[in-house]
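Engineer: Handing over coords_1.csv, CSV, C-alpha atoms.
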```csv
chain,number,residue,atom,x,y,z
A,19,MET,CA,82.6,114.5,121.9
A,20,SER,CA,82.0,115.7,118.4
A,21,LEU,CA,83.6,114.9,115.2
A,22,GLY,CA,84.8,117.3,112.5
A,23,LEU,CA,83.9,115.1,109.6
A,24,ASP,CA,86.6,114.5,107.0
A,25,ASP,CA,84.8,114.7,103.8
A,26,GLY,CA,87.9,115.6,101.8
A,27,LEU,CA,88.6,112.0,101.2
A,28,ALA,CA,91.1,110.2,99.0
A,29,GLY,CA,90.1,108.9,95.7
A,30,GLY,CA,89.8,105.4,96.8
A,31,THR,CA,90.8,102.8,99.3
A,32,GLY,CA,94.4,103.1,98.1
A,33,ALA,CA,97.3,104.9,99.6
A,34,GLU,CA,96.7,108.3,97.9
A,35,ALA,CA,97.6,110.0,101.1
A,36,GLY,CA,101.2,109.1,100.8
A,37,GLY,CA,101.3,106.7,103.7
A,38,GLN,CA,100.4,109.2,106.5
A,39,ASP,CA,97.6,106.9,107.3
A,40,TYR,CA,96.7,103.3,107.4
A,41,LEU,CA,94.2,101.3,105.5
A,42,ASP,CA,92.0,98.3,106.4
A,43,GLY,CA,93.1,94.8,105.6
A,44,ASN,CA,90.5,95.0,102.9
A,45,ALA,CA,93.2,96.6,100.8
A,46,LEU,CA,95.1,93.3,100.9
A,47,ALA,CA,92.5,91.5,98.7
A,48,GLY,CA,94.1,92.4,95.4
A,49,PRO,CA,97.7,91.5,96.2
A,50,LEU,CA,96.6,88.3,98.0
A,51,SER,CA,94.5,87.3,95.0
A,52,GLU,CA,97.9,86.5,93.3
A,53,PHE,CA,98.3,83.7,95.9
A,54,SER,CA,94.8,82.3,96.1
A,55,ALA,CA,91.7,82.4,94.0
A,56,GLY,CA,89.6,82.5,97.1
A,57,ASP,CA,89.6,85.8,99.1
A,58,LEU,CA,92.1,85.5,101.9
A,59,THR,CA,91.0,88.7,103.6
A,60,VAL,CA,88.1,86.9,105.2
A,61,ALA,CA,90.5,84.3,106.7
A,62,GLU,CA,90.9,84.5,110.4
A,63,GLY,CA,94.5,84.8,111.7
A,64,ARG,CA,96.2,84.6,115.0
A,65,CYS,CA,98.8,87.1,116.0
A,66,GLU,CA,102.0,85.2,116.9
A,67,ASN,CA,102.9,87.9,119.4
A,68,CYS,CA,99.8,88.6,121.5
A,69,GLY,CA,97.4,85.8,120.4
A,70,MET,CA,94.6,88.1,119.3
A,71,THR,CA,92.5,86.6,116.5
A,72,GLY,CA,90.6,88.3,113.8
A,73,VAL,CA,89.9,88.4,110.0
A,74,LEU,CA,92.7,89.8,107.9
A,75,ALA,CA,90.3,92.5,106.6
A,76,THR,CA,90.3,94.1,110.0
A,77,THR,CA,94.1,94.5,110.4
A,78,ARG,CA,95.8,97.8,109.9
A,79,VAL,CA,97.6,98.0,106.6
A,80,TYR,CA,100.5,100.4,105.9
A,81,ALA,CA,100.9,100.7,102.2
A,82,HIS,CA,104.4,102.3,101.9
A,83,ALA,CA,106.2,100.3,104.5
A,84,PRO,CA,107.8,99.5,101.9
A,85,GLY,CA,105.4,97.1,100.2
A,86,MET,CA,102.3,96.4,102.2
A,87,THR,CA,102.5,95.6,105.9
A,88,ALA,CA,99.6,94.4,108.0
A,89,ARG,CA,99.8,95.0,111.7
A,90,CYS,CA,97.8,93.5,114.6
A,91,ARG,CA,95.0,95.7,115.9
A,92,GLY,CA,95.8,94.5,119.4
A,93,CYS,CA,99.5,94.9,119.8
A,94,GLY,CA,100.8,96.5,116.6
A,95,SER,CA,103.1,93.6,115.7
A,96,VAL,CA,103.7,92.9,112.0
A,97,LEU,CA,101.5,90.0,110.9
A,98,LEU,CA,102.4,89.9,107.3
A,99,ARG,CA,104.4,91.7,104.6
A,100,LEU,CA,103.8,91.8,100.9
A,101,THR,CA,106.8,93.0,98.8
A,102,GLU,CA,107.7,92.8,95.2
A,103,ALA,CA,111.3,92.0,94.1
A,104,GLY,CA,112.9,90.5,91.1
A,105,GLY,CA,109.7,90.0,89.3
A,106,ARG,CA,108.2,88.1,92.2
A,107,THR,CA,105.6,88.9,94.8
A,108,VAL,CA,106.8,87.8,98.3
A,109,LEU,CA,104.4,87.1,101.1
A,110,ASP,CA,106.1,87.1,104.5
A,111,LEU,CA,103.7,85.5,107.1
A,112,ARG,CA,106.0,85.1,110.0
A,113,GLY,CA,103.9,87.2,112.4
A,114,LEU,CA,100.9,84.9,112.1
A,115,SER,CA,100.5,81.6,114.0
A,116,TYR,CA,97.9,80.4,111.6
A,117,LEU,CA,95.2,81.4,109.1
A,118,SER,CA,91.8,79.6,109.1
A,119,ILE,CA,89.0,79.8,106.6
A,120,LYS,CA,85.4,78.5,106.7
A,121,ARG,CA,84.9,75.3,104.7
A,122,ASP,CA,82.3,75.4,102.0
B,23,MET,CA,103.4,89.4,85.1
B,24,SER,CA,100.5,88.0,87.0
B,25,SER,CA,97.5,86.8,85.1
B,26,THR,CA,95.3,88.5,87.7
B,27,TRP,CA,95.7,91.8,85.8
B,28,ARG,CA,93.5,92.6,82.8
B,29,THR,CA,92.7,95.5,80.7
B,30,ALA,CA,89.4,97.4,80.6
B,31,ASP,CA,88.2,100.0,78.1
B,32,VAL,CA,87.0,103.3,79.5
B,33,VAL,CA,83.6,103.7,77.7
B,34,GLU,CA,82.1,106.6,79.6
B,35,ALA,CA,83.1,109.3,82.0
B,36,ARG,CA,80.9,111.8,83.9
B,37,PHE,CA,81.4,114.2,86.8
B,38,GLU,CA,79.3,113.6,89.9
B,39,THR,CA,80.6,116.7,91.7
B,40,ALA,CA,83.4,119.2,90.8
B,41,THR,CA,86.0,116.7,92.1
B,42,ALA,CA,84.5,113.2,91.7
B,43,ARG,CA,84.2,111.4,88.4
B,44,THR,CA,82.5,108.1,87.5
B,45,LEU,CA,84.2,106.0,84.9
B,46,ALA,CA,82.4,103.2,83.1
B,47,LEU,CA,84.6,100.3,82.2
B,48,GLN,CA,84.1,97.4,79.9
B,49,PHE,CA,86.0,94.1,80.0
B,50,PRO,CA,86.6,91.6,77.2
B,51,GLU,CA,84.8,89.0,79.3
B,52,PRO,CA,82.0,88.8,81.8
B,53,VAL,CA,82.7,90.5,85.1
B,54,SER,CA,80.7,90.4,88.3
B,55,SER,CA,81.0,92.3,91.6
B,56,ILE,CA,79.4,92.0,95.0
B,57,GLY,CA,78.4,95.4,96.5
B,58,GLY,CA,81.3,96.8,98.5
B,59,GLN,CA,84.1,95.2,96.5
B,60,HIS,CA,87.0,97.2,95.0
B,61,VAL,CA,89.4,97.0,92.1
B,62,ASP,CA,93.1,97.8,92.0
B,63,ILE,CA,94.2,100.0,89.2
B,64,ARG,CA,97.8,100.0,88.0
B,65,LEU,CA,99.3,102.9,86.1
B,66,THR,CA,102.6,102.5,84.4
B,67,ALA,CA,104.8,105.5,83.4
B,68,PRO,CA,106.9,105.4,80.3
B,69,ASP,CA,110.0,104.8,82.5
B,70,GLY,CA,108.3,101.7,84.0
B,71,TYR,CA,107.4,103.2,87.3
B,72,THR,CA,104.1,101.8,88.5
B,73,ALA,CA,101.5,103.0,91.0
B,74,VAL,CA,98.7,100.8,92.2
B,75,ARG,CA,95.7,102.1,94.0
B,76,SER,CA,92.3,100.6,95.1
B,77,PHE,CA,89.0,102.1,94.1
B,78,SER,CA,85.6,101.0,95.2
B,79,VAL,CA,83.3,99.6,92.6
B,80,ALA,CA,80.2,101.8,92.4
B,81,GLY,CA,78.0,99.5,90.4
B,82,THR,CA,77.9,96.9,87.7
B,83,LEU,CA,77.0,97.1,84.0
B,84,PRO,CA,76.1,93.5,83.3
B,85,PRO,CA,77.5,91.4,81.8
B,86,THR,CA,80.9,92.8,81.0
B,87,GLY,CA,81.1,96.2,82.7
B,88,LEU,CA,81.4,98.1,85.9
B,89,GLU,CA,81.6,101.6,87.2
B,90,ILE,CA,84.0,103.2,89.6
B,91,THR,CA,83.7,106.7,91.1
B,92,VAL,CA,87.0,108.5,91.9
B,93,GLU,CA,87.4,111.5,94.2
B,94,GLU,CA,90.4,113.6,93.3
B,95,LEU,CA,93.0,114.0,96.0
B,96,GLU,CA,95.1,117.0,95.0
B,97,ASP,CA,98.5,115.5,96.0
B,98,GLY,CA,97.5,111.9,94.9
B,99,GLU,CA,99.5,110.1,92.3
B,100,VAL,CA,96.6,108.3,90.6
B,101,SER,CA,93.3,110.0,91.4
B,102,PRO,CA,94.1,113.3,89.6
B,103,TYR,CA,94.9,111.4,86.4
B,104,LEU,CA,91.7,109.3,86.7
B,105,VAL,CA,89.5,112.4,87.4
B,106,ARG,CA,91.2,115.0,85.1
B,107,ASP,CA,93.3,113.4,82.4
B,108,LEU,CA,92.0,110.0,81.4
B,109,THR,CA,89.7,110.1,78.4
B,110,VAL,CA,87.0,107.8,77.0
B,111,GLY,CA,88.5,105.3,74.6
B,112,GLU,CA,91.7,104.8,76.7
B,113,GLN,CA,92.4,101.6,78.7
B,114,LEU,CA,93.2,100.9,82.3
B,115,GLU,CA,95.0,97.9,83.8
B,116,MET,CA,93.0,96.4,86.6
B,117,ARG,CA,92.8,93.6,89.2
B,118,GLY,CA,89.6,92.5,90.7
B,119,PRO,CA,86.9,93.1,91.7
B,120,VAL,CA,88.2,91.7,95.0
B,121,GLY,CA,87.3,91.7,98.7
B,122,GLY,CA,85.0,89.4,100.5
B,123,TRP,CA,84.6,91.1,103.9
B,124,PHE,CA,83.2,94.6,103.4
B,125,VAL,CA,80.4,93.4,101.1
B,126,TRP,CA,76.6,93.1,101.2
B,127,GLN,CA,75.2,89.9,99.8
B,128,PRO,CA,71.6,90.1,98.4
B,129,SER,CA,71.0,86.8,100.3
B,130,ASP,CA,71.5,88.6,103.6
B,131,THR,CA,68.3,88.9,105.5
B,132,SER,CA,69.1,91.3,108.3
B,133,PRO,CA,68.4,95.1,108.2
B,134,VAL,CA,71.3,97.2,106.8
B,135,GLN,CA,72.5,100.6,108.0
B,136,LEU,CA,75.0,102.3,105.7
B,137,ILE,CA,77.0,105.2,107.0
B,138,GLY,CA,79.2,107.1,104.6
B,139,GLY,CA,81.5,110.1,104.8
B,140,GLY,CA,82.3,112.0,101.6
B,141,SER,CA,83.4,109.6,98.8
B,142,GLY,CA,83.0,106.8,101.4
B,143,VAL,CA,79.5,106.6,99.9
B,144,VAL,CA,80.8,104.9,96.8
B,145,PRO,CA,80.9,101.3,98.0
B,146,LEU,CA,77.7,101.9,99.9
B,147,MET,CA,76.0,103.0,96.7
B,148,ALA,CA,77.1,99.7,95.1
B,149,MET,CA,75.2,97.9,97.9
B,150,VAL,CA,72.2,100.1,97.4
B,151,ARG,CA,72.2,99.4,93.7
B,152,SER,CA,72.7,95.7,94.3
B,153,HIS,CA,69.8,95.7,96.8
B,154,ARG,CA,67.5,97.4,94.2
B,155,ALA,CA,68.6,95.1,91.4
B,156,ALA,CA,67.9,92.0,93.5
B,157,GLY,CA,64.5,93.3,94.5
B,158,SER,CA,65.5,92.7,98.1
B,159,THR,CA,62.9,93.6,100.8
B,160,VAL,CA,65.3,93.8,103.7
B,161,PRO,CA,65.3,97.3,105.2
B,162,MET,CA,68.3,99.3,104.1
B,163,GLN,CA,69.0,102.9,104.8
B,164,LEU,CA,71.8,105.4,104.4
B,165,LEU,CA,73.3,108.2,106.5
B,166,TYR,CA,75.6,110.3,104.3
B,167,SER,CA,77.9,112.9,105.8
B,168,VAL,CA,78.9,115.6,103.3
B,169,ARG,CA,80.6,119.0,103.3
B,170,GLY,CA,77.6,120.6,101.6
B,171,PRO,CA,75.0,120.0,99.0
B,172,SER,CA,77.4,120.5,96.1
B,173,SER,CA,79.6,117.6,97.3
B,174,ILE,CA,76.8,115.0,97.3
B,175,ILE,CA,77.8,112.2,94.9
B,176,TYR,CA,74.9,110.5,93.1
B,177,ARG,CA,72.6,113.3,94.2
B,178,GLY,CA,70.0,112.8,91.5
B,179,GLU,CA,69.8,109.0,91.9
B,180,LEU,CA,69.5,109.3,95.7
B,181,GLU,CA,66.6,111.7,95.3
B,182,LYS,CA,64.9,109.3,93.0
B,183,LEU,CA,65.5,106.4,95.4
B,184,GLU,CA,64.1,108.4,98.3
B,185,ALA,CA,61.0,109.0,96.3
B,186,SER,CA,60.6,105.5,95.0
B,187,SER,CA,58.5,102.7,96.4
B,188,PRO,CA,59.7,101.3,98.7
B,189,PRO,CA,61.8,104.4,99.4
B,190,LEU,CA,65.5,104.3,100.4
B,191,PRO,CA,65.6,106.4,103.5
B,192,VAL,CA,68.6,108.8,103.2
B,193,GLU,CA,69.7,111.1,106.0
B,194,TYR,CA,72.2,113.8,105.2
B,195,VAL,CA,74.6,115.4,107.7
B,196,TYR,CA,76.0,118.7,106.4
B,197,THR,CA,79.3,119.6,108.0
B,198,ARG,CA,80.1,122.9,106.4
B,199,GLU,CA,77.2,124.2,104.4
B,200,ALA,CA,73.6,123.2,104.4
B,201,PRO,CA,70.5,123.8,102.3
B,202,PRO,CA,68.1,126.5,103.7
B,203,GLY,CA,66.4,125.2,106.7
B,204,GLU,CA,68.9,122.4,107.4
B,205,PRO,CA,71.4,122.5,110.2
B,206,VAL,CA,75.1,122.6,109.6
B,207,GLY,CA,76.4,120.3,112.2
B,208,ARG,CA,79.1,118.1,113.3
B,209,LEU,CA,78.1,114.5,113.9
B,210,SER,CA,77.9,113.5,117.5
B,211,PRO,CA,76.2,110.5,119.1
B,212,ALA,CA,73.2,112.7,119.9
B,213,THR,CA,72.7,113.6,116.3
B,214,LEU,CA,73.7,110.2,114.9
B,215,MET,CA,71.6,107.8,116.9
B,216,PRO,CA,68.1,109.1,116.2
B,217,ARG,CA,68.8,108.9,112.4
B,218,ILE,CA,69.9,105.3,112.1
B,219,LEU,CA,68.4,101.9,112.7
B,220,PRO,CA,68.3,101.2,116.4
B,221,PRO,CA,70.5,98.6,118.2
B,222,ALA,CA,67.3,96.6,118.8
B,223,ALA,CA,67.0,96.0,115.0
B,224,ASP,CA,70.5,94.5,115.2
B,225,PRO,CA,71.4,95.8,111.8
B,226,ALA,CA,74.4,94.9,109.7
B,227,VAL,CA,76.3,98.2,109.7
B,228,PHE,CA,78.7,99.3,107.0
B,229,ILE,CA,80.8,102.4,107.6
B,230,CYS,CA,83.1,103.9,105.0
B,231,GLY,CA,85.0,107.2,105.0
B,232,ALA,CA,88.2,108.7,106.3
B,233,THR,CA,90.0,106.9,109.1
B,234,GLY,CA,88.9,109.4,111.8
B,235,PHE,CA,85.3,109.3,110.7
B,236,VAL,CA,85.1,105.5,110.5
B,237,GLU,CA,86.8,104.9,113.9
B,238,THR,CA,84.9,107.5,115.7
B,239,VAL,CA,81.5,106.4,114.4
B,240,ALA,CA,82.3,102.7,115.0
B,241,ALA,CA,83.3,103.4,118.6
B,242,TRP,CA,80.0,105.4,119.2
B,243,LEU,CA,78.0,102.5,117.8
B,244,VAL,CA,79.7,99.9,120.0
B,245,GLU,CA,79.2,102.2,123.0
B,246,ALA,CA,75.5,102.6,122.1
B,247,GLY,CA,75.0,98.8,122.2
B,248,TYR,CA,75.4,97.8,118.5
B,249,THR,CA,76.9,94.4,118.1
B,250,GLU,CA,80.6,94.9,117.3
B,251,SER,CA,80.9,91.9,115.1
B,252,ARG,CA,78.1,93.3,112.9
B,253,ILE,CA,79.9,96.5,112.2
B,254,LYS,CA,82.1,96.5,109.1
B,255,THR,CA,84.4,99.3,108.2
B,256,GLU,CA,86.4,100.5,105.3
B,257,ARG,CA,88.9,103.4,105.7
B,258,TYR,CA,90.0,105.5,102.9
B,259,GLY,CA,93.7,106.5,102.6
B,260,GLY,CA,93.1,110.2,102.8
B,261,THR,CA,93.6,112.0,106.1
B,262,GLY,CA,91.0,114.6,105.2
B,263,ASP,CA,91.3,118.0,106.8
B,264,GLY,CA,90.0,117.0,110.2
B,265,SER,CA,88.5,120.5,110.8
```
What would you get if you wrote out this structure as structure tokens?

Structural biologist:
Amino acid sequence: MSLGLDDGLAGGTGAEAGGQDYLDGNALAGPLSEFSAGDLTVAEGRCENCGMTGVLATTRVYAHAPGMTARCRGCGSVLLRLTEAGGRTVLDLRGLSYLSIKRD
Amino acid sequence: MSSTWRTADVVEARFETATARTLALQFPEPVSSIGGQHVDIRLTAPDGYTAVRSFSVAGTLPPTGLEITVEELEDGEVSPYLVRDLTVGEQLEMRGPVGGWFVWQPSDTSPVQLIGGGSGVVPLMAMVRSHRAAGSTVPMQLLYSVRGPSSIIYRGELEKLEASSPPLPVEYVYTREAPPGEPVGRLSPATLMPRILPPAADPAVFICGATGFVETVAAWLVEAGYTESRIKTERYGGTGDGS
């Protein structure tokens, strides 16, 4: 197997490709910083659907879904949604059983 | 409006390649960044329409500045503006630096293998600069896949780092056009493995590039016996041309 390397890349980690592609959960760090001063992308979460666990930074994020939607790498279920409406940012976490972070 | 957004002054702009430009930004207060972090930039049109995109931090300008390097994507909403239109003296609305996962901490003691495709080198360069600034002695090396010599971002600085003491080992993979005497080649496990730190070194691996690049390389590494939990990836939004 060989790889035709894609070096015609987007300008950054953002959704400059118009949503044809997904990003890493890394891209959630900015929006989630509106909810917590600590970085939540290093938090480990459990998928409510399949039980897979992993840090949010490794989920697949679709940036025009609308808003931002993070899906489980294992089963594809929606783990969380970030949307903006009425001057508020809304974080819908219903696809996660829990989030855990390391204590200092 | 959230207090997480702040305004930075664009104090310098320079082209790294024909399509990639570095912007130096100054904030009204001290700013720090760990190598690998990104900022979110928000552009607002006169009619109130906003677009937010993330861009990797390329390096810091202590105490109040940092640099980003932006690769222009032709049909992008934000990157053409940042590469072509924005001028020194203007301001940008920004959130961050953020991100705590795809980062290299100078306190890390394990060897580091950086693997970048195209503008995926930007956050890796931030790690290289942080490594140098900290005087870290842990082995760090870079494999950089580019279309051709003219698309090498930070070319002059990388040449200096390769020649410095201790040197930063840099391996280039040329996918379309190579300097005389160098192969043009597609990356494969056979061409990749001899040019990176071996699994026995148990390196921390950071891979950044387009989705296909990142996923394929990460899968090869796991297959070759690298520790999966030691491989961290960052995908760019662009689909690239796939060739």

Engineer: Check every residue of chain B for an atom within 7 Å of chain A, counting only C-alpha atoms, and provide those that qualify as a ChimeraX atom specification.

Structural biologist: /B:24,26,62,75-78,92-95,98-99,101,117-118,120-123,139-141,168-169,197,208-210,232,235,256-265

Engineer: Let's have the selection written as a short mmCIF file (atom, residue, chain, number, x, y, z; two decimals), in the coordinates of the input, with C-alpha atoms.

Structural biologist:
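Output contents, as saved in part08.cif:
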```
data_model
loop_
_atom_site.label_atom_id
_atom_site.label_comp_id
_atom_site.auth_asym_id
_atom_site.auth_seq_id
_atom_site.Cartn_x
_atom_site.Cartn_y
_atom_site.Cartn_z
CA SER B 24 100.50 88.00 87.00
CA THR B 26 95.30 88.50 87.70
CA ASP B 62 93.10 97.80 92.00
CA ARG B 75 95.70 102.10 94.00
CA SER B 76 92.30 100.60 95.10
CA PHE B 77 89.00 102.10 94.10
CA SER B 78 85.60 101.00 95.20
CA VAL B 92 87.00 108.50 91.90
CA GLU B 93 87.40 111.50 94.20
CA GLU B 94 90.40 113.60 93.30
CA LEU B 95 93.00 114.00 96.00
CA GLY B 98 97.50 111.90 94.90
CA GLU B 99 99.50 110.10 92.30
CA SER B 101 93.30 110.00 91.40
CA ARG B 117 92.80 93.60 89.20
CA GLY B 118 89.60 92.50 90.70
CA VAL B 120 88.20 91.70 95.00
CA GLY B 121 87.30 91.70 98.70
CA GLY B 122 85.00 89.40 100.50
CA TRP B 123 84.60 91.10 103.90
CA GLY B 139 81.50 110.10 104.80
CA GLY B 140 82.30 112.00 101.60
CA SER B 141 83.40 109.60 98.80
CA VAL B 168 78.90 115.60 103.30
CA ARG B 169 80.60 119.00 103.30
CA THR B 197 79.30 119.60 108.00
CA ARG B 208 79.10 118.10 113.30
CA LEU B 209 78.10 114.50 113.90
CA SER B 210 77.90 113.50 117.50
CA ALA B 232 88.20 108.70 106.30
CA PHE B 235 85.30 109.30 110.70
CA GLU B 256 86.40 100.50 105.30
CA ARG B 257 88.90 103.40 105.70
CA TYR B 258 90.00 105.50 102.90
CA GLY B 259 93.70 106.50 102.60
CA GLY B 260 93.10 110.20 102.80
CA THR B 261 93.60 112.00 106.10
CA GLY B 262 91.00 114.60 105.20
CA ASP B 263 91.30 118.00 106.80
CA GLY B 264 90.00 117.00 110.20
CA SER B 265 88.50 120.50 110.80
#
```

Engineer: Need to verify the contact set: B:Gly157, 12 Å, all atoms listed in the file, exclusion of same-chain residues closer than 3 positions in sequence. Can you return it as a PyMOL selection string?

Structural biologist: chain B and resi 128-129+150-154+160-162+187-188

Engineer: Name the closest residue to B:Gly57 among the candidates B:Gly87, B:Pro145, B:Pro211, B:Gly178; distances are taken between atoms, counting only C-alpha atoms.

Structural biologist: B:Pro145

Engineer: Taking (97.7, 82.2, 109.8) in the file's coordinates, which residues come within 8 Å, counting all atoms listed in the file, written as an MDAnalysis selection string?

Structural biologist: chainID A and resid 62:65 111 114:118

Engineer: For each of B:Thr72, B:Ile229, B:Ala246, B:Ala185, take the minimum atom-to-atom distance to A:Glu102, counting only C-alpha atoms, then give the residue where this is smallest.

Structural biologist: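 Looking at the shortest contact to A:Glu102, the residue is B:Thr72.
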
Engineer: Reconstruct stretch 124-132 of chain B at the level of all heavy atoms, and format the result as a CSV table (one decimal), in the coordinates of the input.

Structural biologist:
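The resulting file, part.csv, is reproduced below:
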```
chain,number,residue,atom,x,y,z
B,124,PHE,N,84.0,93.4,103.4
B,124,PHE,CA,83.2,94.6,103.4
B,124,PHE,C,82.2,94.5,102.2
B,124,PHE,O,82.3,95.3,101.2
B,124,PHE,CB,84.1,95.9,103.3
B,124,PHE,CG,83.3,97.2,103.5
B,124,PHE,CD1,83.1,97.6,104.8
B,124,PHE,CD2,82.9,97.9,102.5
B,124,PHE,CE1,82.4,98.8,105.1
B,124,PHE,CE2,82.2,99.1,102.7
B,124,PHE,CZ,81.9,99.5,104.0
B,125,VAL,N,81.3,93.6,102.2
B,125,VAL,CA,80.4,93.4,101.1
B,125,VAL,C,79.0,93.1,101.7
B,125,VAL,O,78.9,92.5,102.8
B,125,VAL,CB,80.8,92.2,100.2
B,125,VAL,CG1,82.1,92.5,99.5
B,125,VAL,CG2,81.0,90.9,101.0
B,126,TRP,N,78.0,93.4,100.9
B,126,TRP,CA,76.6,93.1,101.2
B,126,TRP,C,76.1,92.1,100.2
B,126,TRP,O,76.2,92.4,99.0
B,126,TRP,CB,75.7,94.3,101.2
B,126,TRP,CG,74.3,93.9,101.5
B,126,TRP,CD1,73.8,93.6,102.8
B,126,TRP,CD2,73.2,93.8,100.6
B,126,TRP,NE1,72.5,93.3,102.7
B,126,TRP,CE2,72.1,93.4,101.4
B,126,TRP,CE3,73.1,93.9,99.2
B,126,TRP,CZ2,70.9,93.1,100.8
B,126,TRP,CZ3,71.9,93.6,98.6
B,126,TRP,CH2,70.8,93.2,99.4
B,127,GLN,N,75.7,91.0,100.7
B,127,GLN,CA,75.2,89.9,99.8
B,127,GLN,C,73.6,90.0,99.7
B,127,GLN,O,73.0,90.1,100.8
B,127,GLN,CB,75.5,88.5,100.3
B,127,GLN,CG,77.0,88.3,100.5
B,127,GLN,CD,77.6,87.7,99.2
B,127,GLN,OE1,77.0,87.7,98.1
B,127,GLN,NE2,78.9,87.3,99.2
B,128,PRO,N,73.1,90.0,98.5
B,128,PRO,CA,71.6,90.1,98.4
B,128,PRO,C,70.9,89.0,99.2
B,128,PRO,O,69.7,89.1,99.5
B,128,PRO,CB,71.3,89.9,96.9
B,128,PRO,CG,72.6,90.4,96.3
B,128,PRO,CD,73.7,90.0,97.2
B,129,SER,N,71.6,87.9,99.5
B,129,SER,CA,71.0,86.8,100.3
B,129,SER,C,70.9,87.1,101.8
B,129,SER,O,70.3,86.4,102.5
B,129,SER,CB,71.8,85.5,100.1
B,129,SER,OG,73.1,85.7,100.4
B,130,ASP,N,71.6,88.2,102.2
B,130,ASP,CA,71.5,88.6,103.6
B,130,ASP,C,70.1,89.0,104.0
B,130,ASP,O,69.5,89.8,103.3
B,130,ASP,CB,72.5,89.7,103.9
B,130,ASP,CG,74.0,89.3,103.9
B,130,ASP,OD1,74.2,88.0,103.7
B,130,ASP,OD2,74.9,90.1,104.0
B,131,THR,N,69.7,88.6,105.1
B,131,THR,CA,68.3,88.9,105.5
B,131,THR,C,68.1,89.9,106.6
B,131,THR,O,67.0,90.3,107.0
B,131,THR,CB,67.6,87.6,106.0
B,131,THR,OG1,68.3,87.0,107.0
B,131,THR,CG2,67.5,86.6,104.8
B,132,SER,N,69.2,90.4,107.2
B,132,SER,CA,69.1,91.3,108.3
B,132,SER,C,69.0,92.8,107.7
B,132,SER,O,69.5,93.1,106.7
B,132,SER,CB,70.2,91.2,109.2
B,132,SER,OG,71.4,91.4,108.6
```
